[in-house]
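One file, upload.tsv, carrying TSV, C-alpha atoms:
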chain	number	residue	atom	x	y	z
A	1	MET	CA	43.54	-49.70	22.70
A	2	SER	CA	41.18	-52.19	24.21
A	3	THR	CA	38.05	-53.48	22.57
A	4	THR	CA	35.93	-51.77	25.19
A	5	ALA	CA	37.51	-48.40	24.45
A	6	ILE	CA	36.93	-48.92	20.72
A	7	VAL	CA	33.26	-49.80	21.32
A	8	ILE	CA	32.80	-46.75	23.56
A	9	ALA	CA	34.47	-44.53	20.94
A	10	LEU	CA	32.21	-45.96	18.23
A	11	LEU	CA	29.13	-45.44	20.43
A	12	ILE	CA	30.16	-41.82	21.02
A	13	ILE	CA	30.69	-41.30	17.27
A	14	VAL	CA	27.31	-42.89	16.46
A	15	ALA	CA	25.58	-40.81	19.16
A	16	LEU	CA	27.18	-37.61	17.88
A	17	ALA	CA	26.27	-38.48	14.28
A	18	ALA	CA	22.67	-39.21	15.34
A	19	TYR	CA	22.49	-35.90	17.21
A	20	ALA	CA	23.97	-34.01	14.24
A	21	THR	CA	21.43	-35.69	11.93
A	22	HIS	CA	18.62	-34.72	14.33
A	23	LEU	CA	19.80	-31.10	14.35
A	24	LEU	CA	20.10	-30.99	10.55
A	25	LEU	CA	16.57	-32.39	10.12
A	26	ARG	CA	15.24	-29.89	12.65
A	27	LEU	CA	16.98	-27.05	10.81
A	28	LYS	CA	15.55	-28.27	7.49
A	29	ARG	CA	11.98	-28.37	8.93
A	30	GLN	CA	12.43	-24.92	10.46
A	31	THR	CA	13.75	-23.52	7.17
A	32	GLN	CA	10.81	-25.02	5.28
A	33	ALA	CA	8.36	-23.60	7.82
A	34	ASN	CA	9.98	-20.16	7.51
A	35	GLN	CA	9.82	-20.32	3.71
A	36	GLN	CA	6.16	-21.34	3.82
A	37	ALA	CA	5.32	-18.55	6.27
A	38	SER	CA	7.19	-16.08	4.08
A	39	SER	CA	5.32	-17.27	0.99
A	40	GLU	CA	2.00	-16.96	2.82
A	41	ARG	CA	2.85	-13.41	3.97
A	42	LYS	CA	3.85	-12.47	0.43
A	43	ALA	CA	0.63	-13.93	-0.98
A	44	LYS	CA	-1.44	-11.97	1.56
A	45	ALA	CA	0.50	-8.78	0.80
A	46	ASP	CA	0.00	-9.31	-2.95
A	47	GLU	CA	-3.71	-9.94	-2.39
A	48	ARG	CA	-3.98	-6.76	-0.29
A	49	ARG	CA	-2.07	-4.81	-2.94
A	50	GLN	CA	-4.42	-6.04	-5.66
A	51	GLN	CA	-7.45	-5.10	-3.55
A	52	ILE	CA	-6.09	-1.57	-3.08
A	53	LEU	CA	-5.46	-1.27	-6.82
A	54	THR	CA	-9.05	-2.42	-7.43
A	55	ASP	CA	-10.24	0.23	-4.97
A	56	ILE	CA	-8.21	2.91	-6.78
A	57	ARG	CA	-9.76	1.93	-10.12
A	58	TYR	CA	-13.24	1.88	-8.57
A	59	ILE	CA	-12.86	5.36	-7.08
A	60	ALA	CA	-11.60	6.74	-10.40
A	61	ALA	CA	-14.60	5.22	-12.20
A	62	ALA	CA	-16.93	6.68	-9.54
A	63	MET	CA	-15.40	10.12	-10.10
A	64	LEU	CA	-16.03	9.83	-13.84
A	65	GLU	CA	-19.64	8.79	-13.23
A	66	ASP	CA	-20.28	11.61	-10.70
A	67	ARG	CA	-20.79	9.09	-7.88
A	68	CYS	CA	-17.84	10.58	-6.00
A	69	GLU	CA	-16.93	14.24	-5.60
A	70	LEU	CA	-13.69	15.26	-7.26
A	71	SER	CA	-11.78	16.25	-4.13
A	72	GLU	CA	-12.97	13.24	-2.16
A	73	GLY	CA	-11.85	10.92	-4.96
A	74	VAL	CA	-8.50	12.68	-5.26
A	75	VAL	CA	-7.83	12.35	-1.52
A	76	ARG	CA	-8.87	8.71	-1.46
A	77	ILE	CA	-6.79	7.80	-4.52
A	78	GLY	CA	-3.80	9.78	-3.26
A	79	LYS	CA	-3.92	8.09	0.14
A	80	LEU	CA	-4.22	4.64	-1.45
A	81	PHE	CA	-1.22	5.32	-3.68
A	82	ASP	CA	0.60	6.42	-0.51
A	83	VAL	CA	-0.34	3.12	1.18
A	84	LEU	CA	1.17	1.25	-1.77
A	85	SER	CA	4.26	3.51	-1.69
A	86	LEU	CA	3.57	4.33	-5.34
A	87	SER	CA	2.87	8.07	-5.10
A	88	GLU	CA	6.31	9.19	-6.23
A	89	GLN	CA	6.34	6.59	-8.99
A	90	VAL	CA	2.91	7.47	-10.46
A	91	ALA	CA	2.86	11.23	-9.79
A	92	PRO	CA	4.47	11.99	-13.18
A	93	ASP	CA	1.67	10.01	-14.87
A	94	PHE	CA	-1.08	11.86	-12.96
A	95	PRO	CA	0.44	15.27	-12.19
A	96	ASN	CA	-2.80	17.22	-11.86
A	97	LEU	CA	-4.34	14.74	-9.46
A	98	PHE	CA	-1.25	15.01	-7.26
A	99	ILE	CA	-1.16	18.82	-7.48
A	100	HIS	CA	-4.72	18.90	-6.14
A	101	TYR	CA	-3.97	16.13	-3.63
A	102	ASP	CA	-0.95	17.98	-2.26
A	103	LEU	CA	-3.10	21.08	-1.79
A	104	ILE	CA	-5.98	19.39	0.06
A	105	ARG	CA	-4.42	16.31	1.69
A	106	ASN	CA	-3.97	18.03	5.06
A	107	HIS	CA	-7.25	19.91	5.10
A	108	PRO	CA	-9.14	18.92	8.25
A	109	ILE	CA	-12.30	16.87	7.80
A	110	MET	CA	-15.39	16.01	9.83
A	111	GLU	CA	-15.13	17.03	13.52
A	112	ALA	CA	-11.73	18.68	13.05
A	113	ARG	CA	-13.19	20.80	10.26
A	114	GLN	CA	-16.23	21.75	12.36
A	115	ALA	CA	-13.94	22.80	15.21
A	116	LEU	CA	-12.24	25.40	12.98
A	117	PRO	CA	-13.32	29.03	13.00
A	118	LYS	CA	-15.64	29.89	10.13
A	119	GLN	CA	-12.99	32.06	8.44
A	120	GLN	CA	-10.50	29.19	8.42
A	121	ARG	CA	-13.09	26.77	6.98
A	122	MET	CA	-13.92	29.31	4.28
A	123	LYS	CA	-10.23	29.69	3.47
A	124	PHE	CA	-9.83	25.92	3.04
A	125	ASP	CA	-13.04	25.76	0.97
A	126	PHE	CA	-11.85	28.58	-1.27
A	127	GLU	CA	-8.47	26.89	-1.87
A	128	ARG	CA	-10.19	23.58	-2.66
A	129	MET	CA	-12.84	25.07	-4.94
A	130	LYS	CA	-10.29	27.21	-6.81
A	131	SER	CA	-8.09	24.18	-7.41
A	132	GLU	CA	-11.10	22.06	-8.44
A	133	ALA	CA	-12.21	24.71	-10.93
A	134	GLU	CA	-8.73	24.94	-12.47
A	135	LEU	CA	-7.97	21.23	-12.55
A	136	GLU	CA	-11.30	19.40	-12.80
A	137	GLN	CA	-11.18	18.54	-16.49
A	138	VAL	CA	-7.54	17.41	-16.51
A	139	ILE	CA	-8.05	15.39	-13.32
A	140	LEU	CA	-11.04	13.67	-14.91
A	141	GLU	CA	-8.89	12.88	-17.95
A	142	GLU	CA	-6.30	11.37	-15.63
A	143	ALA	CA	-9.08	9.46	-13.85
A	144	LYS	CA	-9.82	7.70	-17.14
A	145	SER	CA	-6.30	6.30	-17.07
A	146	ILE	CA	-6.49	5.54	-13.36
A	147	ALA	CA	-9.71	3.58	-13.91
A	148	LYS	CA	-7.64	1.21	-16.09
A	149	PHE	CA	-4.51	1.44	-13.94
A	150	ASP	CA	-2.44	-1.64	-13.27
A	151	LYS	CA	0.57	-1.69	-11.00
A	152	PRO	CA	3.70	-0.39	-12.68
A	153	THR	CA	6.70	-2.63	-12.99
A	154	THR	CA	8.85	-2.49	-9.92
A	155	HIS	CA	12.59	-2.57	-9.78

Would you mind writing the file's structure down as structure tokens?
Amino acid sequence: MSTTAIVIALLIIVALAAYATHLLLRLKRQTQANQQASSERKAKADERRQQILTDIRYIAAAMLEDRCELSEGVVRIGKLFDVLSLSEQVAPDFPNLFIHYDLIRNHPIMEARQALPKQQRMKFDFERMKSEAELEQVILEEAKSIAKFDKPTTH
């Protein structure tokens, strides 16, 4: 092999090594950027989760202090547990709240309620009031625990 061929071969090897190094550095930067973005998303999700848990505790405290009607508090707390995907996990701890929630969660509200015939509104009201009367005290007892609630350990 001639000296020129050896030099060309070495230049090709050096060029390929430089390109491989460039690609590896680019991959490393991209991986770091992805990890940072993932960490930031996780931090935002954790912050949002903590805010929702704070809201749940606040609503429970408001129910105990008569600043929030029982059924309204139950619906709000139930929906927030749903948002956190914790309903199934915490339902055994707060069974009466979830019994009432399951009964009233799909009752129409505001304009949808007003659009119903009077008989249908009265039927929904009767179901809600009957459940409230039966479960009010035990729901308020559960609200005491909810007011101190912290997220359960996850798997």

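Closest approach to Ser131 of chain A among A:Ser87, A:Asn106, A:Gln35, A:Ser71: A:Ser71, based on only C-alpha atoms.
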
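Here atom CA of Ala61 of chain A stands at a distance of 21.1 Å from atom CA of Glu47 of chain A.
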
Pairwise distance, atom CA of Leu140 of chain A with atom CA of Arg48 of chain A, equals 26.1 Å

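Closest to Gln50 of chain A among A:Ile12, A:Phe81, A:Val75, A:Gln36 is A:Phe81, based on all atoms listed in the file.
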